[in-house]
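Have a look at structure-v3.cif; it's mmCIF, C-alpha atoms:
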data_protein
#
loop_
_atom_site.label_atom_id
_atom_site.label_comp_id
_atom_site.auth_asym_id
_atom_site.auth_seq_id
_atom_site.Cartn_x
_atom_site.Cartn_y
_atom_site.Cartn_z
CA MET A 228 -12.64 -64.44 10.82
CA LYS A 229 -16.25 -63.51 11.60
CA ARG A 230 -17.00 -63.40 7.93
CA SER A 231 -15.93 -66.95 7.14
CA VAL A 232 -17.94 -68.28 10.08
CA SER A 233 -21.05 -66.68 8.68
CA ILE A 234 -20.21 -67.97 5.21
CA LEU A 235 -19.91 -71.43 6.69
CA ILE A 236 -23.21 -71.13 8.49
CA ALA A 237 -24.77 -69.96 5.27
CA VAL A 238 -23.30 -72.93 3.44
CA LEU A 239 -24.58 -75.39 6.01
CA ALA A 240 -27.97 -73.75 6.04
CA THR A 241 -28.32 -73.99 2.29
CA GLY A 242 -27.26 -77.61 2.27
CA GLY A 243 -23.66 -77.01 1.20
CA ILE A 244 -23.04 -75.07 -1.95
CA ALA A 245 -19.48 -75.55 -3.20
CA LEU A 246 -17.71 -72.34 -2.32
CA GLY A 247 -14.24 -73.91 -2.30
CA GLN A 248 -13.64 -72.01 0.92
CA GLY A 249 -14.76 -73.16 4.31
CA MET A 250 -13.25 -72.27 7.65
CA SER A 251 -10.03 -70.48 8.28
CA PRO A 252 -7.69 -71.95 10.92
CA ALA A 253 -8.80 -69.52 13.61
CA ASP A 254 -12.40 -70.71 13.25
CA VAL A 255 -11.75 -74.34 14.03
CA SER A 256 -12.98 -75.47 17.41
CA TYR A 257 -11.19 -78.39 19.04
CA ASP A 258 -12.74 -80.23 21.96
CA GLU A 259 -10.73 -81.02 25.09
CA TYR A 260 -9.18 -84.11 23.42
CA GLY A 261 -8.31 -82.24 20.24
CA ALA A 262 -11.19 -83.60 18.12
CA VAL A 263 -13.07 -81.48 15.57
CA GLU A 264 -16.72 -82.35 14.92
CA VAL A 265 -17.62 -80.27 11.86
CA SER A 266 -16.28 -80.58 8.34
CA LEU A 267 -13.79 -77.76 7.79
CA SER A 268 -15.00 -77.18 4.25
CA GLY A 269 -18.65 -77.92 4.86
CA GLN A 270 -18.27 -80.62 2.21
CA PRO A 271 -17.59 -84.35 2.41
CA GLY A 272 -14.02 -85.44 1.71
CA ASN A 273 -12.87 -87.40 -1.32
CA ALA A 274 -10.73 -90.38 -0.29
CA GLU A 275 -9.05 -90.67 -3.70
CA ALA A 276 -7.87 -87.07 -3.56
CA GLY A 277 -6.80 -87.75 0.02
CA GLU A 278 -4.55 -90.60 -1.09
CA LYS A 279 -2.80 -88.26 -3.49
CA ILE A 280 -2.26 -85.63 -0.80
CA MET A 281 -0.89 -88.21 1.64
CA THR A 282 1.80 -89.32 -0.79
CA THR A 283 2.80 -85.99 -2.36
CA ARG A 284 5.83 -84.07 -1.12
CA GLY A 285 4.96 -80.45 -0.40
CA LYS A 286 1.37 -81.50 0.38
CA GLY A 287 0.59 -83.92 3.22
CA ASN A 288 3.59 -86.17 2.56
CA CYS A 289 2.25 -88.22 5.45
CA ILE A 290 4.18 -91.30 4.38
CA ALA A 291 7.41 -89.40 5.04
CA CYS A 292 6.73 -90.17 8.70
CA HIS A 293 4.12 -92.95 8.65
CA GLN A 294 3.98 -96.42 7.22
CA VAL A 295 0.69 -97.21 5.46
CA ASP A 296 0.47 -100.73 4.03
CA ALA A 297 -2.42 -99.76 1.73
CA LEU A 298 -0.07 -97.23 0.08
CA ALA A 299 2.71 -99.75 -0.52
CA GLU A 300 2.82 -98.83 -4.24
CA TYR A 301 4.36 -95.47 -3.24
CA PRO A 302 7.97 -96.06 -2.23
CA PHE A 303 9.70 -95.09 1.02
CA HIS A 304 7.54 -94.90 4.10
CA GLY A 305 8.98 -93.30 7.20
CA GLU A 306 9.11 -94.42 10.83
CA VAL A 307 8.93 -91.13 12.74
CA GLY A 308 5.24 -91.62 13.58
CA PRO A 309 3.28 -94.85 14.20
CA PRO A 310 1.96 -96.92 11.25
CA LEU A 311 -1.49 -95.74 10.21
CA ASN A 312 -2.85 -99.19 9.38
CA GLY A 313 -6.27 -99.63 10.99
CA VAL A 314 -6.36 -96.05 12.19
CA ALA A 315 -10.11 -95.84 11.48
CA ASP A 316 -10.69 -98.60 14.05
CA ARG A 317 -8.89 -96.60 16.69
CA TYR A 318 -10.26 -93.12 16.06
CA THR A 319 -13.53 -91.44 15.11
CA GLU A 320 -13.85 -89.11 12.16
CA ALA A 321 -13.79 -86.12 14.52
CA ASP A 322 -10.61 -87.41 16.21
CA LEU A 323 -8.90 -87.83 12.84
CA ARG A 324 -9.97 -84.38 11.63
CA GLY A 325 -8.46 -82.87 14.76
CA ILE A 326 -5.21 -84.84 14.38
CA VAL A 327 -4.75 -83.87 10.74
CA ALA A 328 -5.70 -80.22 11.27
CA ASN A 329 -3.46 -79.72 14.31
CA ALA A 330 -2.03 -82.85 15.92
CA LYS A 331 -0.64 -80.79 18.78
CA MET A 332 -4.16 -80.39 20.15
CA THR A 333 -4.36 -84.20 20.54
CA PHE A 334 -0.72 -85.05 21.25
CA GLU A 335 0.88 -82.27 23.24
CA GLY A 336 4.17 -81.11 21.76
CA SER A 337 3.89 -83.59 18.89
CA ILE A 338 6.51 -83.70 16.19
CA MET A 339 3.67 -84.05 13.68
CA PRO A 340 3.23 -80.73 11.85
CA ALA A 341 -0.08 -78.86 12.06
CA PHE A 342 -1.58 -78.89 8.57
CA PHE A 343 -4.36 -76.37 9.17
CA LYS A 344 -2.63 -73.48 10.85
CA ASN A 345 -1.15 -70.25 9.48
CA SER A 346 0.23 -68.23 12.38
CA GLY A 347 2.23 -68.47 15.58
CA TYR A 348 5.46 -69.69 13.97
CA ILE A 349 9.12 -68.93 14.68
CA ARG A 350 10.88 -67.66 11.52
CA PRO A 351 8.30 -68.91 9.04
CA GLY A 352 9.50 -69.13 5.45
CA ILE A 353 7.74 -69.09 2.12
CA ALA A 354 7.15 -72.81 1.56
CA TYR A 355 10.54 -74.50 0.98
CA THR A 356 12.44 -71.49 -0.37
CA GLY A 357 14.21 -70.53 2.88
CA LYS A 358 13.03 -66.94 2.35
CA ALA A 359 11.20 -65.02 5.08
CA ALA A 360 7.43 -65.10 4.86
CA GLY A 361 5.89 -61.65 5.14
CA PRO A 362 2.36 -60.93 6.26
CA GLY A 363 0.02 -62.48 3.72
CA ASP A 364 2.53 -65.15 2.63
CA LEU A 365 1.36 -67.79 5.07
CA PHE A 366 -1.35 -70.26 4.17
CA PRO A 367 -2.23 -73.51 5.89
CA ILE A 368 -0.19 -76.35 4.36
CA LEU A 369 -3.47 -78.04 3.39
CA THR A 370 -6.75 -76.32 2.52
CA ALA A 371 -9.95 -77.04 4.42
CA GLN A 372 -11.10 -79.35 1.63
CA GLU A 373 -7.73 -81.13 1.47
CA ILE A 374 -7.98 -81.85 5.21
CA GLU A 375 -11.41 -83.37 4.59
CA ASP A 376 -10.01 -85.45 1.70
CA VAL A 377 -7.24 -86.82 3.91
CA VAL A 378 -9.73 -87.60 6.69
CA ALA A 379 -11.91 -89.43 4.16
CA TYR A 380 -8.89 -91.50 3.12
CA LEU A 381 -7.92 -92.28 6.72
CA LEU A 382 -11.46 -93.54 7.35
CA THR A 383 -10.81 -96.28 4.75
CA LEU A 384 -7.92 -97.64 6.84
CA LYS A 385 -9.70 -100.46 8.69
CA GLU A 386 -8.20 -103.76 9.72
CA MET B 277 -10.44 -91.33 22.18
CA ILE B 278 -7.40 -93.52 22.60
CA LYS B 279 -4.60 -91.81 24.48
CA ARG B 280 -1.22 -92.62 23.11
CA ALA B 281 1.85 -92.20 25.26
CA LEU B 282 4.47 -92.24 22.54
CA THR B 283 7.08 -89.97 24.00
CA GLY B 284 10.33 -89.07 22.34
CA ALA B 285 12.22 -91.09 24.91
CA VAL B 286 10.30 -94.30 24.28
CA CYS B 287 10.72 -93.72 20.58
CA VAL B 288 14.47 -93.40 20.78
CA ALA B 289 14.91 -96.35 23.11
CA THR B 290 13.01 -98.79 20.91
CA LEU B 291 14.47 -97.41 17.79
CA VAL B 292 18.06 -97.44 18.69
CA ALA B 293 17.67 -101.08 19.64
CA GLY B 294 15.81 -101.95 16.46
CA ALA B 295 17.34 -99.44 14.12
CA PHE B 296 19.62 -101.73 12.26
CA VAL B 297 17.53 -104.84 12.19
CA GLY B 298 16.01 -105.99 8.95
CA MET B 299 17.25 -103.13 6.82
CA ASN B 300 19.67 -104.55 4.37
CA ALA B 301 20.46 -101.14 2.90
CA VAL B 302 22.04 -100.10 6.18
CA ALA B 303 25.26 -101.49 7.54
CA ASP B 304 25.21 -103.42 10.78
CA GLU B 305 25.45 -101.61 14.05
CA HIS B 306 28.95 -102.82 14.71
CA ALA B 307 30.60 -101.84 11.44
CA ASN B 308 33.88 -100.06 11.94
CA LEU B 309 35.49 -97.43 9.80
CA ILE B 310 39.16 -97.77 8.96
CA VAL B 311 40.33 -95.52 6.15
CA ASN B 312 43.10 -96.69 3.80
CA GLY B 313 43.62 -99.65 6.11
CA GLU B 314 45.31 -97.36 8.61
CA ILE B 315 43.23 -94.48 10.00
CA GLU B 316 40.94 -95.91 12.66
CA MET B 317 37.87 -93.77 13.16
CA VAL B 318 35.78 -93.61 16.31
CA VAL B 319 32.26 -93.81 14.85
CA ARG B 320 30.45 -94.47 18.14
CA THR B 321 31.38 -93.49 21.67
CA GLU B 322 30.01 -92.30 24.96
CA ALA B 323 28.20 -88.98 24.69
CA PRO B 324 29.92 -85.95 26.22
CA GLU B 325 28.64 -85.07 29.67
CA HIS B 326 26.75 -81.95 28.60
CA MET B 327 24.33 -84.02 26.49
CA GLU B 328 21.22 -84.69 28.54
CA ASN B 329 19.14 -86.93 26.31
CA VAL B 330 21.63 -89.13 24.50
CA ASP B 331 23.98 -91.81 25.88
CA THR B 332 25.94 -92.77 22.80
CA ILE B 333 27.00 -90.59 19.92
CA TYR B 334 27.30 -91.97 16.40
CA SER B 335 28.97 -90.66 13.28
CA GLY B 336 26.60 -90.15 10.36
CA TRP B 337 28.67 -92.81 8.56
CA VAL B 338 27.02 -95.50 10.71
CA TYR B 339 23.59 -94.73 9.24
CA ARG B 340 24.54 -94.86 5.58
CA ALA B 341 24.10 -97.78 3.21
CA THR B 342 26.94 -100.29 2.96
CA GLU B 343 27.91 -99.11 -0.54
CA THR B 344 28.05 -95.49 0.58
CA GLN B 345 30.10 -96.44 3.62
CA ALA B 346 32.59 -98.29 1.43
CA LEU B 347 33.34 -95.13 -0.60
CA GLN B 348 34.85 -93.53 2.48
CA MET B 349 37.14 -96.43 3.32
CA ASP B 350 39.71 -95.78 0.63
CA ASP B 351 40.92 -92.40 -0.62
CA PHE B 352 40.95 -93.71 -4.19
CA ASP B 353 37.20 -94.30 -3.95
CA ASN B 354 36.38 -91.11 -2.04
CA PRO B 355 35.47 -88.43 -4.62
CA GLY B 356 36.00 -85.73 -1.98
CA MET B 357 39.75 -86.37 -2.11
CA LEU B 358 39.94 -84.86 -5.62
CA TRP B 359 39.17 -81.45 -4.14
CA VAL B 360 41.61 -82.02 -1.31
CA ASP B 361 44.27 -82.33 -4.00
CA GLN B 362 43.13 -79.05 -5.56
CA ALA B 363 43.37 -77.32 -2.21
CA ALA B 364 46.86 -78.73 -1.66
CA GLU B 365 47.87 -76.98 -4.89
CA TYR B 366 46.22 -73.76 -3.76
CA PHE B 367 48.08 -74.07 -0.45
CA GLU B 368 51.45 -73.81 -2.14
CA THR B 369 50.52 -71.29 -4.85
CA ALA B 370 51.76 -67.72 -4.40
CA GLN B 371 48.98 -65.18 -4.95
CA GLY B 372 47.63 -61.79 -4.03
CA PRO B 373 49.41 -58.40 -4.10
CA GLU B 374 52.27 -59.71 -1.99
CA GLY B 375 52.69 -62.95 -3.91
CA ARG B 376 52.29 -65.07 -0.81
CA SER B 377 51.14 -68.64 -0.32
CA CYS B 378 49.78 -70.36 2.75
CA GLN B 379 52.95 -72.39 2.66
CA ASP B 380 55.10 -69.30 3.28
CA CYS B 381 53.91 -69.31 6.87
CA HIS B 382 52.54 -72.83 7.40
CA GLU B 383 55.18 -75.31 6.32
CA SER B 384 52.67 -77.81 4.97
CA PRO B 385 49.00 -78.76 5.38
CA GLU B 386 50.21 -81.48 7.75
CA ALA B 387 51.72 -78.77 9.95
CA LEU B 388 48.08 -77.77 10.61
CA ALA B 389 47.09 -81.28 11.74
CA GLY B 390 44.86 -81.13 14.82
CA VAL B 391 43.48 -77.69 14.01
CA ARG B 392 40.17 -78.97 12.57
CA ALA B 393 39.44 -80.91 15.76
CA VAL B 394 39.32 -77.82 18.01
CA TYR B 395 37.31 -75.44 15.79
CA PRO B 396 35.06 -73.46 16.18
CA LYS B 397 37.26 -71.83 18.76
CA TRP B 398 37.36 -68.64 20.82
CA ASP B 399 39.63 -66.01 19.26
CA GLU B 400 41.15 -63.93 21.99
CA GLU B 401 42.16 -61.02 19.81
CA ARG B 402 38.79 -60.61 18.11
CA GLY B 403 36.70 -61.57 21.10
CA VAL B 404 34.49 -63.94 19.06
CA VAL B 405 34.17 -67.63 18.34
CA GLN B 406 35.78 -68.30 14.95
CA THR B 407 35.07 -71.18 12.62
CA LEU B 408 37.84 -72.73 10.57
CA GLU B 409 36.46 -70.80 7.59
CA ASN B 410 36.72 -67.51 9.52
CA GLN B 411 40.33 -68.36 10.38
CA ILE B 412 41.20 -69.21 6.77
CA ASN B 413 39.70 -65.89 5.67
CA GLU B 414 41.60 -64.07 8.40
CA CYS B 415 44.86 -65.35 6.88
CA ALA B 416 43.69 -64.76 3.29
CA THR B 417 42.61 -61.16 3.86
CA GLU B 418 44.93 -59.88 6.60
CA ARG B 419 48.08 -61.84 5.83
CA MET B 420 47.88 -62.28 2.05
CA GLY B 421 45.86 -59.22 0.96
CA LEU B 422 43.26 -61.38 -0.81
CA GLU B 423 39.53 -60.80 -1.10
CA PRO B 424 37.73 -63.05 1.39
CA LEU B 425 36.88 -66.47 -0.01
CA LYS B 426 33.13 -67.00 -0.36
CA TYR B 427 32.01 -68.73 2.85
CA THR B 428 30.59 -71.84 1.22
CA GLY B 429 32.29 -71.39 -2.16
CA SER B 430 34.44 -74.11 -3.69
CA GLU B 431 37.86 -72.66 -2.79
CA MET B 432 36.82 -72.39 0.85
CA VAL B 433 35.17 -75.81 0.97
CA ASN B 434 38.20 -77.39 -0.68
CA MET B 435 40.57 -75.76 1.80
CA SER B 436 38.47 -76.86 4.73
CA ALA B 437 38.49 -80.40 3.28
CA LEU B 438 42.28 -80.29 3.07
CA LEU B 439 42.57 -79.11 6.67
CA ALA B 440 40.09 -81.78 7.82
CA SER B 441 41.89 -84.51 5.90
CA VAL B 442 45.17 -83.92 7.75
CA SER B 443 43.31 -84.25 11.08
CA ARG B 444 41.46 -87.45 10.20
CA GLY B 445 41.21 -89.89 13.09
CA MET B 446 41.81 -87.23 15.72
CA PRO B 447 39.03 -86.75 18.29
CA ILE B 448 36.81 -83.69 18.01
CA ASN B 449 37.52 -81.63 21.09
CA VAL B 450 35.96 -78.18 21.02
CA ALA B 451 35.99 -76.04 24.16
CA ILE B 452 32.59 -74.90 25.41
CA ASP B 453 33.53 -73.24 28.66
CA GLY B 454 35.09 -69.88 29.39
CA PRO B 455 34.43 -67.12 26.88
CA ALA B 456 32.91 -69.53 24.30
CA ARG B 457 30.08 -70.40 26.67
CA GLU B 458 27.69 -67.66 25.59
CA THR B 459 27.98 -68.66 21.93
CA TRP B 460 27.52 -72.31 22.87
CA GLU B 461 24.34 -71.45 24.81
CA LEU B 462 22.95 -69.64 21.77
CA GLY B 463 23.76 -72.67 19.62
CA LYS B 464 21.96 -74.94 22.05
CA GLU B 465 18.91 -72.70 22.05
CA LEU B 466 18.82 -72.77 18.24
CA TYR B 467 19.20 -76.56 18.24
CA TYR B 468 16.03 -76.99 20.29
CA GLN B 469 14.02 -74.19 18.68
CA ARG B 470 11.08 -75.41 16.61
CA THR B 471 11.16 -73.30 13.49
CA GLY B 472 9.13 -72.77 10.36
CA GLN B 473 5.69 -73.81 9.36
CA LEU B 474 6.52 -77.44 10.16
CA GLU B 475 7.58 -76.37 13.67
CA LEU B 476 10.51 -78.77 13.79
CA SER B 477 13.77 -78.37 15.69
CA CYS B 478 17.06 -80.02 14.86
CA ALA B 479 16.44 -82.17 17.95
CA ASN B 480 13.05 -83.42 16.68
CA CYS B 481 14.79 -85.20 13.83
CA HIS B 482 18.37 -85.74 15.00
CA GLU B 483 17.89 -86.39 18.72
CA ASP B 484 14.37 -87.85 18.99
CA ASN B 485 14.47 -89.88 15.78
CA TYR B 486 17.96 -90.97 14.81
CA GLY B 487 17.87 -94.49 13.44
CA ASN B 488 14.36 -93.85 12.05
CA ARG B 489 13.55 -93.39 8.43
CA ILE B 490 12.00 -90.16 7.24
CA ARG B 491 10.71 -90.97 3.78
CA SER B 492 13.74 -92.62 2.09
CA ASP B 493 16.42 -91.24 4.41
CA MET B 494 17.67 -92.88 7.58
CA LEU B 495 18.03 -90.10 10.15
CA SER B 496 21.43 -89.77 11.80
CA GLN B 497 22.34 -87.68 14.83
CA GLY B 498 23.25 -84.81 12.50
CA GLN B 499 26.89 -84.90 13.61
CA ILE B 500 29.34 -82.61 11.86
CA ASN B 501 32.59 -84.54 12.34
CA GLY B 502 32.47 -85.61 8.67
CA PHE B 503 32.40 -82.14 7.10
CA PRO B 504 32.93 -81.11 4.44
CA VAL B 505 30.80 -83.93 3.08
CA TYR B 506 30.82 -85.33 -0.43
CA ARG B 507 27.16 -86.02 -1.20
CA LEU B 508 26.14 -88.50 -3.85
CA LYS B 509 22.99 -86.40 -4.23
CA ASN B 510 24.76 -83.34 -5.65
CA ALA B 511 28.15 -84.88 -6.47
CA LYS B 512 30.18 -82.21 -4.74
CA LEU B 513 31.70 -81.23 -1.42
CA ASN B 514 29.21 -79.54 0.90
CA ALA B 515 30.08 -77.04 3.61
CA VAL B 516 28.59 -77.54 7.03
CA HIS B 517 26.63 -74.26 6.88
CA SER B 518 25.14 -75.32 3.54
CA ARG B 519 23.81 -78.43 5.26
CA PHE B 520 22.39 -76.33 8.11
CA LYS B 521 20.71 -74.11 5.56
CA GLY B 522 19.12 -77.08 3.81
CA CYS B 523 17.80 -78.57 7.04
CA VAL B 524 16.34 -75.25 8.25
CA ARG B 525 14.75 -74.63 4.85
CA ASP B 526 13.14 -78.07 5.01
CA THR B 527 11.18 -77.01 8.10
CA ARG B 528 9.58 -74.31 5.90
CA ALA B 529 11.52 -71.69 7.84
CA GLN B 530 13.54 -68.64 6.93
CA THR B 531 17.16 -69.80 6.97
CA TYR B 532 20.17 -68.01 8.44
CA ALA B 533 23.03 -67.03 6.17
CA PRO B 534 26.18 -69.16 5.99
CA GLY B 535 28.79 -67.55 8.24
CA SER B 536 26.12 -65.77 10.33
CA ALA B 537 26.51 -65.51 14.10
CA GLU B 538 23.61 -67.96 14.47
CA PHE B 539 25.17 -70.64 12.29
CA VAL B 540 28.57 -70.18 13.95
CA ALA B 541 26.88 -70.75 17.32
CA LEU B 542 24.97 -73.75 16.00
CA GLU B 543 28.22 -75.16 14.60
CA LEU B 544 29.99 -74.81 17.95
CA TYR B 545 27.10 -76.50 19.72
CA LEU B 546 26.89 -79.35 17.20
CA ALA B 547 30.66 -79.83 17.22
CA SER B 548 30.46 -80.18 21.02
CA ARG B 549 27.82 -82.89 20.65
CA GLY B 550 30.43 -84.80 18.67
CA ASN B 551 33.32 -84.36 21.09
CA GLY B 552 35.02 -87.76 21.08
CA LEU B 553 34.11 -88.77 17.52
CA SER B 554 36.90 -88.68 14.93
CA VAL B 555 37.46 -85.97 12.38
CA GLU B 556 36.32 -87.69 9.16
CA GLY B 557 36.25 -84.97 6.53
CA PRO B 558 35.92 -85.23 3.66
CA SER B 559 33.34 -87.92 4.34
CA VAL B 560 30.85 -89.51 1.93
CA ARG B 561 27.10 -89.42 2.45
CA ASN B 562 24.04 -89.73 0.21
#
Give the structure from the file, written as structure tokens.
Amino acid sequence: MKRSVSILIAVLATGGIALGQGMSPADVSYDEYGAVEVSLSGQPGNAEAGEKIMTTRGKGNCIACHQVDALAEYPFHGEVGPPLNGVADRYTEADLRGIVANAKMTFEGSIMPAFFKNSGYIRPGIAYTGKAAGPGDLFPILTAQEIEDVVAYLLTLKE
Amino acid sequence: MIKRALTGAVCVATLVAGAFVGMNAVADEHANLIVNGEIEMVVRTEAPEHMENVDTIYSGWVYRATETQALQMDDFDNPGMLWVDQAAEYFETAQGPEGRSCQDCHESPEALAGVRAVYPKWDEERGVVQTLENQINECATERMGLEPLKYTGSEMVNMSALLASVSRGMPINVAIDGPARETWELGKELYYQRTGQLELSCANCHEDNYGNRIRSDMLSQGQINGFPVYRLKNAKLNAVHSRFKGCVRDTRAQTYAPGSAEFVALELYLASRGNGLSVEGPSVRN
């Protein structure tokens, strides 16, 4: 934990060399509303990559629960969460980073899964195999950079 | 920061009202299920008293597309009935070391009408809650000298479909008091437990969001009155514990084994959430 913080600081200090790493979930600091100010990867996000993650099962699969009109070319949008149209008008970048990383910090008890978390689960399995996850088997569903990519995409959703 | 107050309760209230509007793939809210023009099914009714967060219970049939619904309305269209026929043959076939058939002791499958509706059920002699599958295996092993049938294997699923089919139209009525209570409480706990890396409970999808789409699927209340279920997706009959396994796995959790104490408890609890709906098995779903 300590180590990745210092790596991050090093990255920021040197102007962001691509390490493909960034923070681990335990390093993320949420403010009292659940927002996260700093980029988790220390890099800017890529909205195009974010679009892919949002629509891919086993990745973000955000449209399983959310309707997004701008993603109408991908079939079957869910209704479990609110539509994300215009979400960038309602939230800041830091708000959105916090929601995507761990929505439960913003919406207490939310049904929305935490995408940047890797501990504190009941009966965690190895991805979608149904088999028990041992120590070392659990990774955040999205990497630090993937979170940033999704946030970058969400910031394009203006009305 | 905008504070949203989207609680589960608000969600359900608006959704149940709007669930069936503007979705042509889903039948209208008032569609009724009559099988073969004669078996009238209760597909919606008042929730049993023990349910705290739901007023009306609905069969999963209500949430399926019109074409899928139609397949269950006539036994000639219901692919699940093919396996019921196979089980009827099994029922009268002598087998095992003693050359016995189910029929030697149970006059006909129809003589077991009503049994499906009250299982899982407390077994006095064993001091446990037994599922219908446990009871079938009790007869197969102790009364016929057979090896136990695999819990979710085809012979077992077919037999459970046969026993459901002769109870069709009868109201589910499992007992949850007395000695079954402890098992029921465990089932309830499991129903509300948020498991796996997605941290989702059965209730998150089937109580807070029925009538809502999740990706392409319209969420139902996850009732089990229709089991075993013929699914268009895998073109076979599916045991109820296989369905549980799939839903737990989809929360990125470690599943329980079919036939395990946990799944038996969950089955009793779920059955009790459907008390008052009709036995529909074998039903048709996507």
Residue IDs satisfying the PyMOL selection byres ((chain B) within 7 of (chain A)), as a PyMOL selection string: chain B and resi 277-278+471-476+480+485+488-492+525-526+528-531
Expected selection from the PyMOL selection byres ((chain A and resi 372) around 9), given as a count of residues only: 19
Would you kindly return, as a ChimeraX atom specification, each protein, DNA or RNA residue with an atom no farther than 8 Å from any atom of Asn312 in chain B, considering only C-alpha atoms and excluding same-chain residues fewer than 2 positions away? /B:310,314-315,349-351
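Note on the selection: in this file the PyMOL selection byres ((chain B and resi 318-326) around 8) comes out as Asn308, Leu309, Glu316, Met317, Met327, Glu328, Val330, Asp331, Thr332, Ile333, Tyr334, Ser335, Trp337, Val338, Gly445, Pro447, Ser548, Arg549, Gly550, Asn551, Gly552, Leu553 and Ser554 of chain B.
Residue neighbourhood of Leu513 in chain B, excluding near-sequence residues (fewer than 6 positions): B:Gly356, B:Trp359, B:Ser430, B:Val433, B:Asn434, B:Pro504, B:Val505, B:Tyr506, B:Arg507, B:Pro558, at 8 Å, using all atoms listed in the file.
In this structure, CA of Leu438 in chain B sits 6.2 Å away from CA of Ala363 in chain B.
Nearest to Ala393 in chain B of all the residues B:Arg444, B:Arg470, B:His517, B:Arg419 is B:Arg444, counting only C-alpha atoms.
Straight-line separation from CA of Met332 in chain A to CA of Gly361 in chain A: 26.0 Å.
Note that CA of Pro355 in chain B and CA of Asn510 in chain B are 11.9 Å apart.
You can rank A:Ala297, A:Val263, A:Ala253, A:Met281 by their closest distance to Ile326 in chain A using all atoms listed in the file, and at the top of that list sits A:Val263.
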Option closest in space to Ser251 in chain A, from A:Gly287, A:Ala328, A:Glu264, A:Val314 [counting all atoms listed in the file]: A:Ala328
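Distances from B:Met432, B:Ile500, B:Cys378, B:Val540 to Glu556 in chain B were compared using all atoms listed in the file, and the smallest one belongs to B:Ile500.
Checking A:Leu384, A:Asn329, A:Ala379, A:Gly363 one by one against Val255 in chain A, counting all atoms listed in the file, you find the shortest gap at A:Asn329.
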